[in-house]
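query-v6.txt, holding compact mmCIF, C-alpha atoms:
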# COMPACT_ATOMS: atom_id res chain seq x y z
CA MET Q 72 115.22 89.67 99.02
CA SER Q 73 112.51 90.57 101.51
CA LYS Q 74 109.01 89.24 101.07
CA LYS Q 75 106.63 91.43 99.06
CA VAL Q 76 103.21 92.08 100.59
CA ALA Q 77 99.89 93.17 99.07
CA PHE Q 78 96.53 94.00 100.66
CA ILE Q 79 93.28 93.96 98.67
CA ALA Q 80 89.79 95.26 99.45
CA SER Q 81 87.03 94.31 98.57
CA ILE Q 82 87.86 90.63 98.24
CA GLN Q 83 84.19 89.59 97.87
CA GLU Q 84 84.23 91.01 94.34
CA GLN Q 85 85.30 88.52 91.66
CA ASP Q 86 87.79 90.86 90.01
CA ALA Q 87 89.40 91.67 93.37
CA TRP Q 88 89.63 87.98 94.21
CA GLU Q 89 91.19 87.16 90.83
CA THR Q 90 93.69 89.99 91.32
CA ALA Q 91 94.58 88.58 94.74
CA GLN Q 92 95.21 85.16 93.20
CA GLN Q 93 97.36 86.66 90.45
CA LEU Q 94 99.48 88.67 92.89
CA ASN Q 95 99.88 85.59 95.06
CA LYS Q 96 101.06 83.63 92.03
CA ALA Q 97 103.53 86.45 91.29
CA GLY Q 98 105.16 85.83 94.67
CA TYR Q 99 103.36 88.29 96.94
CA GLN Q 100 102.07 87.51 100.40
CA VAL Q 101 98.47 88.60 99.89
CA TYR Q 102 95.91 89.75 102.44
CA GLY Q 103 92.31 90.27 101.39
CA ALA Q 104 89.51 92.05 103.23
CA TYR Q 105 85.78 91.49 102.90
CA THR Q 106 83.98 94.85 103.02
CA ASP Q 107 80.38 93.84 102.32
CA GLY Q 108 79.22 93.84 105.93
CA ALA Q 109 78.41 90.14 105.86
CA SER Q 110 79.74 87.70 108.43
CA HIS Q 111 83.04 86.21 107.28
CA GLU Q 112 85.48 84.10 109.21
CA ALA Q 113 89.11 85.18 109.21
CA GLY Q 114 91.40 82.52 107.84
CA GLU Q 115 93.21 81.49 104.70
CA LYS Q 116 91.96 80.46 101.27
CA GLU Q 117 94.25 79.35 98.43
CA GLY Q 118 97.23 80.98 100.10
CA ILE Q 119 95.47 84.31 100.69
CA SER Q 120 94.96 85.54 104.26
CA LEU Q 121 91.41 86.77 104.78
CA LEU Q 122 90.11 89.52 107.07
CA SER Q 123 86.94 91.59 107.39
CA ILE Q 124 86.66 95.38 107.58
CA ASP Q 125 83.59 97.28 108.72
CA LEU Q 126 83.66 100.31 106.40
CA ALA Q 127 81.56 102.33 108.86
CA ASP Q 128 84.16 101.92 111.60
CA ARG Q 129 87.58 103.56 111.24
CA ALA Q 130 88.93 101.38 114.05
CA SER Q 131 88.14 98.28 112.00
CA ALA Q 132 90.45 99.38 109.18
CA GLN Q 133 93.12 100.31 111.71
CA SER Q 134 92.82 96.86 113.29
CA ALA Q 135 93.34 95.21 109.90
CA ALA Q 136 96.41 97.35 109.25
CA LYS Q 137 97.81 96.44 112.66
CA ALA Q 138 97.29 92.74 111.95
CA VAL Q 139 99.29 93.00 108.73
CA GLU Q 140 101.98 95.10 110.41
CA GLU Q 141 102.47 92.57 113.20
CA LYS Q 142 103.04 89.77 110.69
CA GLU Q 143 104.80 91.57 107.84
CA GLY Q 144 106.16 94.88 109.09
CA ALA Q 145 105.45 96.75 105.84
CA LEU Q 146 103.08 96.83 102.86
CA ASP Q 147 104.16 97.19 99.23
CA ILE Q 148 100.85 97.26 97.33
CA LEU Q 149 97.41 98.43 98.45
CA VAL Q 150 94.53 97.58 96.09
CA LEU Q 151 91.16 99.23 96.69
CA GLU Q 152 87.79 98.51 95.12
CA SER Q 153 84.68 100.38 96.16
CA ALA Q 154 81.97 97.75 95.87
CA HIS Q 155 79.04 99.07 97.87
CA HIS Q 156 75.90 99.04 95.70
CA LEU Q 157 72.38 100.19 96.42
CA GLU Q 158 69.41 98.81 94.52
CA ASP Q 159 67.60 101.60 92.71
CA LYS Q 160 63.86 101.98 93.14
CA PRO Q 161 61.47 102.27 90.17
CA VAL Q 162 61.54 105.59 88.34
CA GLY Q 163 59.07 108.03 89.88
CA SER Q 164 58.98 106.35 93.28
CA GLY Q 165 61.45 108.80 94.81
CA ARG Q 166 64.66 108.10 96.66
CA ASP Q 167 65.51 107.30 100.24
CA TYR Q 168 68.16 109.98 100.65
CA GLU Q 169 69.35 108.75 104.03
CA GLU Q 170 69.94 105.31 102.56
CA LEU Q 171 71.62 106.87 99.54
CA ALA Q 172 73.91 109.01 101.71
CA LYS Q 173 74.88 105.95 103.76
CA ALA Q 174 75.72 103.97 100.63
CA VAL Q 175 77.88 106.77 99.23
CA ASP Q 176 79.60 107.18 102.61
CA LEU Q 177 80.49 103.49 102.79
CA GLY Q 178 81.72 103.56 99.21
CA THR Q 179 83.89 106.65 99.61
CA VAL Q 180 84.78 107.33 103.23
CA GLY Q 181 85.12 103.58 103.72
CA MET Q 182 87.92 103.49 101.12
CA GLU Q 183 89.51 106.59 102.67
CA ARG Q 184 89.55 104.83 106.04
CA ILE Q 185 91.40 101.85 104.58
CA LEU Q 186 93.86 104.07 102.72
CA THR Q 187 94.57 106.18 105.81
CA ALA Q 188 94.99 103.11 108.02
CA PHE Q 189 97.54 101.47 105.72
CA LEU Q 190 99.57 104.53 104.70
CA PRO Q 191 102.00 104.34 107.66
CA LEU Q 192 102.64 100.69 106.81
CA MET Q 193 103.24 101.52 103.13
CA LYS Q 194 105.71 104.27 104.02
CA LYS Q 195 107.91 101.56 105.56
CA SER Q 196 108.20 99.71 102.24
CA GLU Q 197 110.07 100.30 99.02
CA GLY Q 198 107.01 99.43 96.91
CA LYS Q 199 104.58 102.19 97.89
CA ARG Q 200 102.02 101.40 95.17
CA ILE Q 201 98.32 102.25 95.47
CA ALA Q 202 95.93 100.67 92.97
CA PHE Q 203 92.22 101.14 92.36
CA LEU Q 204 89.92 98.73 90.51
CA SER Q 205 86.72 99.91 88.87
CA ARG Q 206 84.66 99.61 85.70
CA THR Q 207 84.73 101.51 82.44
CA SER Q 208 81.44 103.22 83.34
CA ALA Q 209 83.01 104.75 86.47
CA GLY Q 210 84.27 107.57 84.24
CA ILE Q 211 81.81 110.18 82.98
CA GLY Q 212 83.13 109.90 79.43
CA PHE Q 213 82.20 106.21 79.09
CA CYS Q 214 79.14 105.93 81.31
CA GLU Q 215 75.92 104.71 79.70
CA ASP Q 216 74.44 103.29 82.91
CA LYS Q 217 71.03 104.38 84.09
CA ASP Q 218 71.12 102.71 87.49
CA ASP Q 219 73.39 102.06 90.51
CA PHE Q 220 73.37 105.79 91.22
CA ALA Q 221 75.08 105.51 94.63
CA TRP Q 222 77.97 103.48 93.23
CA HIS Q 223 78.61 106.04 90.49
CA MET Q 224 78.55 108.90 92.99
CA ALA Q 225 81.09 107.02 95.08
CA GLN Q 226 83.33 106.43 92.06
CA ALA Q 227 83.42 110.14 91.24
CA ALA Q 228 84.36 110.99 94.83
CA ILE Q 229 87.07 108.33 94.90
CA HIS Q 230 88.60 109.69 91.69
CA ASN Q 231 88.96 113.00 93.49
CA MET Q 232 90.44 111.22 96.55
CA LEU Q 233 92.99 109.53 94.31
CA LYS Q 234 93.98 112.83 92.73
CA VAL Q 235 94.47 114.47 96.13
CA SER Q 236 96.43 111.41 97.31
CA PHE Q 237 98.56 111.47 94.16
CA ASN Q 238 99.43 115.14 94.68
CA GLU Q 239 100.39 114.52 98.31
CA LEU Q 240 102.13 111.16 98.02
CA ARG Q 241 103.83 111.13 94.62
CA PRO Q 242 106.70 113.32 95.95
CA GLU Q 243 107.28 110.65 98.62
CA GLY Q 244 107.84 107.98 95.99
CA PHE Q 245 104.33 106.50 95.83
CA THR Q 246 103.06 105.24 92.47
CA PHE Q 247 99.43 104.79 91.40
CA ARG Q 248 97.55 102.35 89.19
CA ASN Q 249 93.90 102.76 88.16
CA PHE Q 250 92.50 99.85 86.16
CA VAL Q 251 89.07 99.00 84.76
CA THR Q 252 88.44 95.28 85.01
CA ASP Q 253 85.68 95.01 82.38
CA GLY Q 254 87.89 95.81 79.38
CA PRO Q 255 88.27 93.60 76.27
CA LYS Q 256 89.11 89.95 76.88
CA GLY Q 257 92.57 88.73 76.02
CA GLY Q 258 94.49 91.77 77.20
CA MET Q 259 96.43 92.34 80.40
CA SER Q 260 94.95 91.50 83.77
CA ALA Q 261 94.65 93.88 86.70
CA ALA Q 262 97.68 92.30 88.34
CA ASP Q 263 99.69 92.60 85.10
CA TYR Q 264 98.99 96.31 85.04
CA ILE Q 265 99.52 96.87 88.76
CA LEU Q 266 102.95 95.23 88.64
CA GLN Q 267 104.16 97.20 85.61
CA ASP Q 268 106.79 99.89 86.16
CA PHE Q 269 106.54 102.88 83.83
CA SER Q 270 109.07 105.37 82.54
CA TYR Q 271 110.60 107.50 85.25
CA LEU Q 272 113.99 109.17 85.09
CA PRO Q 273 114.50 111.84 87.77
CA GLU Q 274 116.73 113.86 85.45
CA ASP Q 275 114.02 114.08 82.76
CA ASP Q 276 111.40 116.78 82.61
CA TYR Q 277 108.57 116.01 85.02
CA ILE Q 278 105.96 115.89 82.24
CA HIS Q 279 107.85 113.17 80.35
CA SER Q 280 107.44 110.60 83.10
CA ASP Q 281 104.47 108.22 82.94
CA GLU Q 282 104.73 107.76 86.69
CA ASN Q 283 103.99 111.45 87.16
CA ARG Q 284 100.56 111.16 85.53
CA LEU Q 285 97.41 109.86 87.20
CA VAL Q 286 95.57 107.85 84.55
CA ARG Q 287 93.18 104.94 84.29
CA ARG Q 288 93.55 102.23 81.70
CA ASP Q 289 91.87 99.07 80.42
CA SER Q 290 93.19 95.64 79.46
CA LEU Q 291 94.49 96.95 76.11
CA PHE Q 292 96.46 99.70 77.90
CA ARG Q 293 94.12 102.32 76.48
CA GLU Q 294 93.84 105.47 78.53
CA LEU Q 295 90.24 106.21 79.54
CA SER Q 296 88.90 109.64 80.42
CA TRP Q 297 87.80 110.31 83.99
Structure rendered as structure tokens:
Amino acid sequence: MSKKVAFIASIQEQDAWETAQQLNKAGYQVYGAYTDGASHEAGEKEGISLLSIDLADRASAQSAAKAVEEKEGALDILVLESAHHLEDKPVGSGRDYEELAKAVDLGTVGMERILTAFLPLMKKSEGKRIAFLSRTSAGIGFCEDKDDFAWHMAQAAIHNMLKVSFNELRPEGFTFRNFVTDGPKGGMSAADYILQDFSYLPEDDYIHSDENRLVRRDSLFRELSW
């Protein structure tokens, strides 16, 4: 059996790091990328190979993909988390729209750059699974937040990116997992959900297959609205 490989961004987030550890424990060779713009040394920590990606630079994501390709040849699971936040100013003080636009760009286009860079590598694997980690409040139906405006704008755009990607890549055998990491304690972890295979029989009607639906769920397997 060939080695299974996973890549996770943004590894500086606690839930992404925990997911990396869980996938590593499940037998995956795991690569994690810092995406916070801070200075990080490439290396290895607890069996996880660490890299850095500059979200503003498409070549940086391509370089990370090339590094994984040279060592592994293919990628089975790609886990994305958009973690770029912008501190909100006091109400009534106005907004710095250039700063806001930059934050949204890093949070959305940055994820698209990583996805695009790793797609050729994923097409060489049998796994072909794309996962996205977020919070319950990333969906309009469950959002009670009154701050972190840029992050929420980025989440909405990424949901659209995932839908477009699903429409394009599902016919090629790709599967998708969208998981909120702040669900009730005691349920399944992100890695548990990512590694689950759902009902899919090619001879069944398309609508009867769970793999042919793009959904997001929490730790109790509850489906959350977008």
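Interatomic distance, atom CA of Thr106 of chain Q to atom CA of Arg241 of chain Q: 27.0 Å.
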> Can you find the residues with an atom no farther than 12 Å from (92.9, 80.0, 102.9), counting only C-alpha atoms, and report them as a ChimeraX atom specification?
Replying inline: /Q:91-92,95,101-103,112-122
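Take the candidates Q:Ala109, Q:Ala104, Q:Ile79, Q:Leu149 and check each one against Ser131 of chain Q using all atoms listed in the file; the shortest distance goes to Q:Ala104.
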>> Counting all atoms listed in the file, which residues have an atom no more than 6 Å from (84.3, 103.5, 95.7) in the file's coordinates? Please list them as an NGL selection string.
In response: :Q and (153 or 178-179 or 225-226 or 229)
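The environment of Gln83 of chain Q within 9 Å, counting all atoms listed in the file and disregarding residues fewer than 3 places along the same chain, consists of Ala80, Asp86, Ala87, Trp88, Gly103, Ala104, Tyr105, Thr106, Asp107 and Ala154 of chain Q.
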>> I'd like to know which of Q:Ala136, Q:Gly210, Q:His156, Q:Glu170 is closest to Thr187 of chain Q, using only C-alpha atoms.
In response: Q:Ala136
>> Which residues are close to Gln133 of chain Q, i.e. within 12 Å by all atoms listed in the file, leaving aside same-chain residues fewer than 2 positions away? Reply as number ranges by chain.
In response: Q: 123-126, 128-131, 135-140, 181, 183-192
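Counting from atom CA of Lys75 of chain Q, the distance to atom CA of Ile148 of chain Q is 8.4 Å.
For Tyr264 of chain Q, the set of protein, DNA and RNA residues having any atom at most 9 Å away, when counting only C-alpha atoms and skipping those fewer than 2 positions along the same chain, is Arg248, Asn249, Phe250, Met259, Ser260, Ala261, Ala262, Leu266, Gln267, Asp268, Arg288, Asp289, Ser290 and Phe292 of chain Q.
Separating atom CA of Ser280 of chain Q from atom CA of Lys96 of chain Q is a distance of 29.1 Å.
Of the residues listed (Q:Ile265, Q:Leu204, Q:Leu295, Q:Ala132), Q:Leu204 shows the shortest atom-to-atom separation from Val251 of chain Q; distances use all atoms listed in the file.
With distances taken over all atoms listed in the file, Q:Asp263 is the one residue among Q:Asp219, Q:Glu243, Q:Asp167, Q:Asp263 lying closest to Ala97 of chain Q.
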> What lies within 8 Å of Ala174 of chain Q using all atoms listed in the file, ignoring chain neighbours under 5 positions off, as a list in words?
Replying inline: His155, His156, Leu157, Ala221 and Trp222 of chain Q
